[in-house]
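S.K.: So that you have it, the file is structure.cif, and it contains mmCIF, N, CA, C and O atoms:
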```
data_entry
#
loop_
_atom_site.label_atom_id
_atom_site.label_comp_id
_atom_site.auth_asym_id
_atom_site.auth_seq_id
_atom_site.Cartn_x
_atom_site.Cartn_y
_atom_site.Cartn_z
N MET A 774 36.75 -18.39 50.47
CA MET A 774 36.13 -19.20 49.44
C MET A 774 37.09 -19.38 48.27
O MET A 774 37.08 -20.39 47.61
N ALA A 775 37.94 -18.39 48.04
CA ALA A 775 38.85 -18.46 46.90
C ALA A 775 39.79 -19.66 47.01
O ALA A 775 40.22 -20.20 46.00
N ASP A 776 40.10 -20.09 48.22
CA ASP A 776 40.98 -21.24 48.38
C ASP A 776 40.23 -22.55 48.20
O ASP A 776 40.84 -23.57 47.92
N LEU A 777 38.91 -22.55 48.37
CA LEU A 777 38.13 -23.78 48.26
C LEU A 777 37.57 -24.03 46.88
O LEU A 777 37.48 -25.15 46.43
N ALA A 778 37.14 -22.96 46.22
CA ALA A 778 36.34 -23.11 45.00
C ALA A 778 37.16 -22.97 43.74
O ALA A 778 38.21 -22.34 43.71
N ASN A 779 36.63 -23.55 42.70
CA ASN A 779 37.20 -23.45 41.36
C ASN A 779 36.58 -22.24 40.67
O ASN A 779 35.37 -22.14 40.58
N TYR A 780 37.40 -21.33 40.21
CA TYR A 780 36.90 -20.15 39.51
C TYR A 780 37.19 -20.27 38.03
O TYR A 780 38.31 -20.60 37.65
N PRO A 781 36.20 -20.02 37.19
CA PRO A 781 36.42 -20.14 35.75
C PRO A 781 37.36 -19.05 35.23
O PRO A 781 37.53 -18.02 35.87
N GLU A 782 37.93 -19.31 34.08
CA GLU A 782 38.83 -18.35 33.46
C GLU A 782 38.04 -17.12 33.02
O GLU A 782 36.92 -17.23 32.53
N CYS A 783 38.61 -15.95 33.22
CA CYS A 783 38.00 -14.70 32.77
C CYS A 783 38.67 -14.29 31.46
O CYS A 783 39.88 -14.38 31.33
N LYS A 784 37.88 -13.84 30.51
CA LYS A 784 38.42 -13.40 29.23
C LYS A 784 38.97 -11.98 29.35
O LYS A 784 38.44 -11.17 30.10
N ALA A 785 40.02 -11.71 28.58
CA ALA A 785 40.59 -10.36 28.55
C ALA A 785 39.58 -9.42 27.89
O ALA A 785 38.84 -9.81 26.99
N LYS A 786 39.53 -8.20 28.37
CA LYS A 786 38.60 -7.21 27.82
C LYS A 786 39.40 -6.03 27.27
O LYS A 786 40.31 -5.54 27.90
N THR A 787 39.03 -5.61 26.07
CA THR A 787 39.67 -4.46 25.44
C THR A 787 38.63 -3.35 25.32
O THR A 787 37.48 -3.61 24.96
N TYR A 788 39.05 -2.14 25.64
CA TYR A 788 38.14 -1.00 25.53
C TYR A 788 38.93 0.24 25.13
O TYR A 788 40.15 0.27 25.19
N ILE A 789 38.19 1.24 24.70
CA ILE A 789 38.78 2.52 24.28
C ILE A 789 38.45 3.55 25.37
O ILE A 789 37.30 3.71 25.76
N THR A 790 39.48 4.26 25.83
CA THR A 790 39.27 5.28 26.84
C THR A 790 38.70 6.54 26.20
O THR A 790 38.65 6.67 24.97
N LYS A 791 38.27 7.48 27.02
CA LYS A 791 37.72 8.74 26.50
C LYS A 791 38.75 9.51 25.67
O LYS A 791 38.40 10.24 24.75
N SER A 792 40.02 9.31 26.00
CA SER A 792 41.08 10.01 25.24
C SER A 792 41.45 9.26 23.96
O SER A 792 42.32 9.70 23.22
N GLY A 793 40.79 8.12 23.69
CA GLY A 793 41.03 7.39 22.46
C GLY A 793 42.08 6.29 22.55
O GLY A 793 42.40 5.66 21.55
N GLN A 794 42.62 6.08 23.73
CA GLN A 794 43.62 5.03 23.89
C GLN A 794 42.95 3.67 24.03
O GLN A 794 41.90 3.55 24.66
N GLN A 795 43.58 2.68 23.44
CA GLN A 795 43.06 1.32 23.59
C GLN A 795 43.71 0.67 24.80
O GLN A 795 44.93 0.69 24.95
N ARG A 796 42.90 0.10 25.65
CA ARG A 796 43.38 -0.57 26.87
C ARG A 796 42.87 -2.00 26.88
O ARG A 796 41.75 -2.28 26.47
N THR A 797 43.70 -2.90 27.36
CA THR A 797 43.29 -4.29 27.52
C THR A 797 43.47 -4.68 28.97
O THR A 797 44.55 -4.51 29.54
N VAL A 798 42.40 -5.15 29.55
CA VAL A 798 42.45 -5.66 30.92
C VAL A 798 42.76 -7.14 30.80
O VAL A 798 42.02 -7.89 30.17
N THR A 799 43.88 -7.53 31.36
CA THR A 799 44.32 -8.91 31.20
C THR A 799 43.38 -9.87 31.92
O THR A 799 42.72 -9.51 32.88
N ALA A 800 43.37 -11.08 31.42
CA ALA A 800 42.48 -12.10 31.96
C ALA A 800 43.11 -12.76 33.17
O ALA A 800 44.32 -12.85 33.30
N LYS A 801 42.24 -13.21 34.04
CA LYS A 801 42.67 -14.00 35.18
C LYS A 801 42.58 -15.47 34.77
O LYS A 801 41.54 -15.92 34.31
N ALA A 802 43.65 -16.17 34.90
CA ALA A 802 43.65 -17.59 34.52
C ALA A 802 42.70 -18.38 35.41
O ALA A 802 42.43 -18.00 36.55
N ALA A 803 42.20 -19.46 34.87
CA ALA A 803 41.33 -20.34 35.67
C ALA A 803 42.13 -20.87 36.85
O ALA A 803 43.31 -21.18 36.73
N THR A 804 41.49 -20.93 37.98
CA THR A 804 42.14 -21.45 39.18
C THR A 804 41.33 -22.60 39.72
O THR A 804 40.11 -22.66 39.55
N ARG A 805 42.00 -23.51 40.34
CA ARG A 805 41.32 -24.66 40.91
C ARG A 805 41.59 -24.63 42.40
O ARG A 805 42.73 -24.69 42.84
N GLY A 806 40.53 -24.54 43.17
CA GLY A 806 40.66 -24.50 44.61
C GLY A 806 40.94 -25.88 45.18
O GLY A 806 41.14 -26.85 44.45
N ILE A 807 40.94 -25.96 46.47
CA ILE A 807 41.20 -27.22 47.16
C ILE A 807 40.21 -28.30 46.73
O ILE A 807 40.59 -29.44 46.49
N THR A 808 38.95 -27.95 46.61
CA THR A 808 37.92 -28.95 46.30
C THR A 808 37.73 -29.17 44.81
O THR A 808 37.33 -30.26 44.40
N GLY A 809 37.98 -28.17 44.00
CA GLY A 809 37.70 -28.26 42.57
C GLY A 809 36.24 -27.99 42.25
O GLY A 809 35.84 -28.08 41.10
N PHE A 810 35.43 -27.67 43.25
CA PHE A 810 34.01 -27.36 43.06
C PHE A 810 33.82 -25.87 42.88
O PHE A 810 34.62 -25.07 43.34
N SER A 811 32.71 -25.50 42.24
CA SER A 811 32.36 -24.08 42.13
C SER A 811 31.80 -23.60 43.46
O SER A 811 31.41 -24.40 44.32
N VAL A 812 31.75 -22.28 43.63
CA VAL A 812 31.18 -21.69 44.84
C VAL A 812 29.73 -22.15 45.01
O VAL A 812 29.31 -22.54 46.10
N LYS A 813 28.99 -22.14 43.90
CA LYS A 813 27.58 -22.54 43.94
C LYS A 813 27.43 -23.98 44.44
O LYS A 813 26.56 -24.27 45.27
N HIS A 814 28.28 -24.88 43.97
CA HIS A 814 28.18 -26.28 44.37
C HIS A 814 28.57 -26.46 45.84
O HIS A 814 27.95 -27.25 46.56
N ILE A 815 29.56 -25.73 46.31
CA ILE A 815 29.94 -25.81 47.72
C ILE A 815 28.77 -25.41 48.60
O ILE A 815 28.43 -26.09 49.57
N TYR A 816 28.10 -24.30 48.26
CA TYR A 816 26.96 -23.87 49.07
C TYR A 816 25.79 -24.84 48.94
O TYR A 816 25.04 -25.05 49.89
N HIS A 817 25.64 -25.48 47.79
CA HIS A 817 24.62 -26.52 47.63
C HIS A 817 24.90 -27.68 48.59
O HIS A 817 24.00 -28.17 49.27
N LEU A 818 26.16 -28.10 48.67
CA LEU A 818 26.54 -29.19 49.58
C LEU A 818 26.33 -28.79 51.04
O LEU A 818 25.89 -29.61 51.85
N ILE A 819 26.62 -27.53 51.36
CA ILE A 819 26.40 -27.05 52.74
C ILE A 819 24.92 -27.12 53.07
O ILE A 819 24.53 -27.60 54.15
N ASN A 820 24.06 -26.67 52.15
CA ASN A 820 22.61 -26.70 52.38
C ASN A 820 22.09 -28.12 52.52
O ASN A 820 21.10 -28.35 53.22
N GLN A 821 22.73 -29.09 51.88
CA GLN A 821 22.34 -30.49 52.00
C GLN A 821 22.89 -31.12 53.28
O GLN A 821 22.53 -32.23 53.62
N GLY A 822 23.79 -30.42 53.95
CA GLY A 822 24.43 -30.98 55.14
C GLY A 822 25.58 -31.92 54.79
O GLY A 822 26.00 -32.72 55.62
N SER A 823 26.10 -31.82 53.56
CA SER A 823 27.15 -32.72 53.09
C SER A 823 28.54 -32.09 53.12
O SER A 823 29.49 -32.73 52.70
N PHE A 824 28.65 -30.86 53.54
CA PHE A 824 29.93 -30.16 53.54
C PHE A 824 30.00 -29.35 54.82
O PHE A 824 28.98 -28.85 55.31
N PRO A 825 31.21 -29.20 55.40
CA PRO A 825 31.33 -28.42 56.65
C PRO A 825 30.77 -27.01 56.49
O PRO A 825 31.01 -26.35 55.49
N LYS A 826 30.02 -26.58 57.49
CA LYS A 826 29.47 -25.22 57.47
C LYS A 826 30.56 -24.22 57.84
O LYS A 826 31.40 -24.50 58.69
N PRO A 827 30.53 -23.06 57.20
CA PRO A 827 31.51 -22.03 57.55
C PRO A 827 31.10 -21.33 58.84
O PRO A 827 29.95 -21.42 59.27
N PHE A 828 32.05 -20.68 59.44
CA PHE A 828 31.70 -19.77 60.53
C PHE A 828 31.90 -18.36 59.99
O PHE A 828 32.66 -18.15 59.05
N LYS A 829 31.16 -17.43 60.53
CA LYS A 829 31.15 -16.06 60.01
C LYS A 829 31.93 -15.13 60.91
O LYS A 829 31.82 -15.20 62.13
N ILE A 830 32.72 -14.28 60.30
CA ILE A 830 33.34 -13.15 60.97
C ILE A 830 32.98 -11.95 60.12
O ILE A 830 33.49 -11.80 59.01
N GLY A 831 32.03 -11.18 60.59
CA GLY A 831 31.50 -10.08 59.79
C GLY A 831 30.78 -10.66 58.59
O GLY A 831 29.91 -11.50 58.72
N THR A 832 31.18 -10.25 57.40
CA THR A 832 30.55 -10.75 56.19
C THR A 832 31.34 -11.91 55.57
O THR A 832 30.96 -12.43 54.53
N TYR A 833 32.44 -12.31 56.22
CA TYR A 833 33.29 -13.36 55.68
C TYR A 833 32.85 -14.74 56.13
O TYR A 833 32.51 -14.95 57.30
N SER A 834 32.85 -15.69 55.20
CA SER A 834 32.62 -17.10 55.51
C SER A 834 33.99 -17.77 55.58
O SER A 834 34.77 -17.69 54.63
N LEU A 835 34.27 -18.41 56.70
CA LEU A 835 35.57 -19.04 56.90
C LEU A 835 35.39 -20.50 57.29
O LEU A 835 34.41 -20.87 57.94
N TRP A 836 36.35 -21.33 56.90
CA TRP A 836 36.35 -22.74 57.25
C TRP A 836 37.66 -23.07 57.93
O TRP A 836 38.69 -22.48 57.62
N ARG A 837 37.62 -24.03 58.81
CA ARG A 837 38.86 -24.55 59.39
C ARG A 837 39.46 -25.53 58.38
O ARG A 837 38.78 -26.42 57.88
N LEU A 838 40.73 -25.36 58.09
CA LEU A 838 41.39 -26.22 57.13
C LEU A 838 41.33 -27.68 57.57
O LEU A 838 41.16 -28.58 56.74
N SER A 839 41.41 -27.93 58.86
CA SER A 839 41.34 -29.31 59.36
C SER A 839 39.99 -29.94 59.02
O SER A 839 39.94 -31.13 58.66
N GLU A 840 38.89 -29.17 59.09
CA GLU A 840 37.57 -29.71 58.74
C GLU A 840 37.49 -30.04 57.25
O GLU A 840 36.93 -31.06 56.86
N ILE A 841 38.05 -29.17 56.42
CA ILE A 841 38.04 -29.41 54.98
C ILE A 841 38.89 -30.63 54.64
O ILE A 841 38.48 -31.49 53.86
N ASN A 842 40.07 -30.72 55.25
CA ASN A 842 40.94 -31.88 55.00
C ASN A 842 40.28 -33.17 55.46
O ASN A 842 40.37 -34.19 54.77
N ASN A 843 39.61 -33.15 56.62
CA ASN A 843 38.89 -34.35 57.09
C ASN A 843 37.78 -34.72 56.13
O ASN A 843 37.56 -35.89 55.83
N TRP A 844 37.06 -33.71 55.62
CA TRP A 844 35.98 -33.97 54.67
C TRP A 844 36.54 -34.59 53.39
O TRP A 844 36.01 -35.57 52.87
N LEU A 845 37.64 -34.03 52.88
CA LEU A 845 38.27 -34.56 51.67
C LEU A 845 38.77 -35.99 51.89
O LEU A 845 38.58 -36.86 51.04
N ASP A 846 39.39 -36.24 53.06
CA ASP A 846 39.88 -37.58 53.37
C ASP A 846 38.74 -38.59 53.42
O ASP A 846 38.85 -39.68 52.88
N SER A 847 37.63 -38.21 54.05
CA SER A 847 36.51 -39.15 54.17
C SER A 847 35.89 -39.44 52.81
O SER A 847 35.48 -40.57 52.54
N HIS A 848 35.85 -38.46 51.93
CA HIS A 848 35.30 -38.69 50.59
C HIS A 848 36.27 -39.43 49.69
O HIS A 848 35.87 -40.17 48.82
N GLY A 849 37.56 -39.25 49.93
CA GLY A 849 38.56 -40.00 49.18
C GLY A 849 38.49 -41.47 49.52
O GLY A 849 38.61 -42.34 48.67
N GLN A 850 38.25 -41.78 50.80
CA GLN A 850 38.12 -43.17 51.23
C GLN A 850 36.89 -43.81 50.63
O GLN A 850 36.91 -44.95 50.20
N GLN A 851 35.78 -43.06 50.56
CA GLN A 851 34.56 -43.60 49.96
C GLN A 851 34.79 -43.92 48.49
O GLN A 851 34.37 -44.96 48.01
N THR A 852 35.49 -43.05 47.78
CA THR A 852 35.77 -43.27 46.36
C THR A 852 36.67 -44.48 46.20
O THR A 852 36.45 -45.33 45.34
N ASP A 853 37.70 -44.59 47.06
CA ASP A 853 38.60 -45.74 46.99
C ASP A 853 37.85 -47.03 47.25
O ASP A 853 38.04 -48.03 46.56
N ASN A 854 36.97 -47.03 48.25
CA ASN A 854 36.19 -48.22 48.57
C ASN A 854 35.27 -48.59 47.42
O ASN A 854 35.11 -49.75 47.07
N HIS A 855 34.65 -47.58 46.80
CA HIS A 855 33.74 -47.82 45.67
C HIS A 855 34.53 -48.38 44.49
O HIS A 855 34.09 -49.33 43.84
N THR A 856 35.70 -47.83 44.22
CA THR A 856 36.54 -48.31 43.12
C THR A 856 36.99 -49.74 43.38
O THR A 856 36.95 -50.59 42.48
N ASN A 857 37.39 -50.03 44.62
CA ASN A 857 37.85 -51.39 44.96
C ASN A 857 36.70 -52.39 44.84
O ASN A 857 36.88 -53.50 44.37
N ALA A 858 35.50 -52.00 45.27
CA ALA A 858 34.34 -52.89 45.18
C ALA A 858 34.00 -53.18 43.72
O ALA A 858 33.70 -54.31 43.35
N ASN A 859 34.08 -52.16 42.87
CA ASN A 859 33.81 -52.35 41.44
C ASN A 859 34.87 -53.25 40.81
O ASN A 859 34.54 -54.07 39.95
N ALA A 860 36.12 -53.11 41.22
CA ALA A 860 37.18 -53.93 40.66
C ALA A 860 36.97 -55.39 41.03
O ALA A 860 37.17 -56.29 40.21
N LYS A 861 36.53 -55.65 42.26
CA LYS A 861 36.29 -57.02 42.71
C LYS A 861 35.11 -57.65 41.96
O LYS A 861 35.09 -58.83 41.71
N GLU A 862 34.12 -56.82 41.62
CA GLU A 862 32.93 -57.31 40.91
C GLU A 862 33.17 -57.40 39.42
O GLU A 862 32.34 -57.90 38.68
N GLY A 863 34.29 -56.87 38.96
CA GLY A 863 34.59 -56.89 37.53
C GLY A 863 33.89 -55.81 36.75
O GLY A 863 33.67 -55.92 35.56
N VAL A 864 33.51 -54.72 37.43
CA VAL A 864 32.82 -53.61 36.76
C VAL A 864 33.84 -52.66 36.19
O VAL A 864 34.84 -52.38 36.68
#
```
The structure given in the file should be rewritten as structure tokens.
M.R.:
Amino acid sequence: MADLANYPECKAKTYITKSGQQRTVTAKAATRGITGFSVKHIYHLINQGSFPKPFKIGTYSLWRLSEINNWLDSHGQQTDNHTNANAKEGV
């Protein structure tokens, strides 16, 4: 899922240890997955039947990269067609 989904930026956290030392846990920068969608939105699309379903190996959800690329290509064509139609109509 980490390769597909967009994860928000995590803020750095500072805390004091029992020995009185100050520690800062560095933040993880925001990452953008292949789709740019959040995990929640990807599963919403799967439940609607609009996104390829994962296959399971144990507790892991996995996707074939070819299925994701085909899905992205088909949606890119729809967007291009919609943009071209709007341009022709003067929208």
S.K.: Under the PyMOL selection byres ((chain A and resi 777) around 4.5), which residues of this model are included? Write them out as an MDAnalysis selection string.
M.R.: chainID A and resid 774:776 778:779 806:810
S.K.: How big is the axis-aligned box, and where does its centre sit, when it encloses all atoms of range 806-814 of chain A listed in the file and has 4 Å added on every side, reported in Å to one decimal as lines of an AutoDock Vina configuration file?
M.R.:
```
center_x = 33.9
center_y = -26.0
center_z = 44.1
size_x = 22.6
size_y = 16.6
size_z = 14.1
```
S.K.: For Trp836 in chain A, find every residue with an atom within 6 Å (counting all atoms listed in the file), except residues of its own chain fewer than 3 positions away, and show them as a list in words.
M.R.: Lys826, Pro827 and Phe828 of chain A
S.K.: Got time to write the residues from that selection, N, CA, C and O atoms, as a compact mmCIF listing (two decimals), in the coordinates of the input?
M.R.:
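Resulting contents of again03.txt:
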```txt
# COMPACT_ATOMS: atom_id res chain seq x y z
N LYS A 826 30.02 -26.58 57.49
CA LYS A 826 29.47 -25.22 57.47
C LYS A 826 30.56 -24.22 57.84
O LYS A 826 31.40 -24.50 58.69
N PRO A 827 30.53 -23.06 57.20
CA PRO A 827 31.51 -22.03 57.55
C PRO A 827 31.10 -21.33 58.84
O PRO A 827 29.95 -21.42 59.27
N PHE A 828 32.05 -20.68 59.44
CA PHE A 828 31.70 -19.77 60.53
C PHE A 828 31.90 -18.36 59.99
O PHE A 828 32.66 -18.15 59.05
```
S.K.: So the first atom is atom N of Glu840 in chain A and the second is atom N of Glu782 in chain A; what is the distance between them in Å, to one decimal place?
M.R.: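 Value for the atom N of Glu840 in chain A-atom N of Glu782 in chain A distance: 26.9 Å.
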S.K.: Please provide the set of residues having any atom within 4.5 Å of Lys786 in chain A, restricted to only N, CA, C and O atoms, with same-chain residues fewer than 6 positions apart removed, written as a PyMOL selection string.
M.R.: chain A and resi 796-798
S.K.: Distance CA of Lys829 in chain A-CA of Asp846 in chain A, one decimal place?
M.R.: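 Rounded to one decimal, the two atoms are 24.2 Å apart.
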S.K.: Run DSSP on the backbone and tell me which residues of range 790-845 of chain A come out as strand (DSSP E); list them as a short mmCIF file (atom, residue, chain, number, x, y, z; two decimals) with N, CA, C and O atoms, in the frame of the given file.
M.R.:
```cif
data_model
loop_
_atom_site.label_atom_id
_atom_site.label_comp_id
_atom_site.auth_asym_id
_atom_site.auth_seq_id
_atom_site.Cartn_x
_atom_site.Cartn_y
_atom_site.Cartn_z
N GLN A 795 43.58 2.68 23.44
CA GLN A 795 43.06 1.32 23.59
C GLN A 795 43.71 0.67 24.80
O GLN A 795 44.93 0.69 24.95
N ARG A 796 42.90 0.10 25.65
CA ARG A 796 43.38 -0.57 26.87
C ARG A 796 42.87 -2.00 26.88
O ARG A 796 41.75 -2.28 26.47
N THR A 797 43.70 -2.90 27.36
CA THR A 797 43.29 -4.29 27.52
C THR A 797 43.47 -4.68 28.97
O THR A 797 44.55 -4.51 29.54
N VAL A 798 42.40 -5.15 29.55
CA VAL A 798 42.45 -5.66 30.92
C VAL A 798 42.76 -7.14 30.80
O VAL A 798 42.02 -7.89 30.17
N PHE A 828 32.05 -20.68 59.44
CA PHE A 828 31.70 -19.77 60.53
C PHE A 828 31.90 -18.36 59.99
O PHE A 828 32.66 -18.15 59.05
N LYS A 829 31.16 -17.43 60.53
CA LYS A 829 31.15 -16.06 60.01
C LYS A 829 31.93 -15.13 60.91
O LYS A 829 31.82 -15.20 62.13
N ILE A 830 32.72 -14.28 60.30
CA ILE A 830 33.34 -13.15 60.97
C ILE A 830 32.98 -11.95 60.12
O ILE A 830 33.49 -11.80 59.01
N TYR A 833 32.44 -12.31 56.22
CA TYR A 833 33.29 -13.36 55.68
C TYR A 833 32.85 -14.74 56.13
O TYR A 833 32.51 -14.95 57.30
N SER A 834 32.85 -15.69 55.20
CA SER A 834 32.62 -17.10 55.51
C SER A 834 33.99 -17.77 55.58
O SER A 834 34.77 -17.69 54.63
N LEU A 835 34.27 -18.41 56.70
CA LEU A 835 35.57 -19.04 56.90
C LEU A 835 35.39 -20.50 57.29
O LEU A 835 34.41 -20.87 57.94
#
```
S.K.: Do you have the CA of Ile819 in chain A-CA of Ser839 in chain A distance handy?
M.R.: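 We find that CA of Ile819 in chain A and CA of Ser839 in chain A lie 16.5 Å from each other.
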S.K.: Rank nothing, just name the residue among A:Ser792, A:Ser834, A:Thr799, A:Asn842 nearest to Val812 in chain A, using only C-alpha atoms.
M.R.: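 Once distances to Val812 in chain A are computed over only C-alpha atoms, the minimum belongs to A:Ser834.
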S.K.: Pick from A:Leu838, A:Gln795, A:Ser811, A:Trp844: nearest to Ser823 in chain A, with only N, CA, C and O atoms counted?
M.R.: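 Of the candidates, the smallest distance to Ser823 in chain A is held by A:Trp844.
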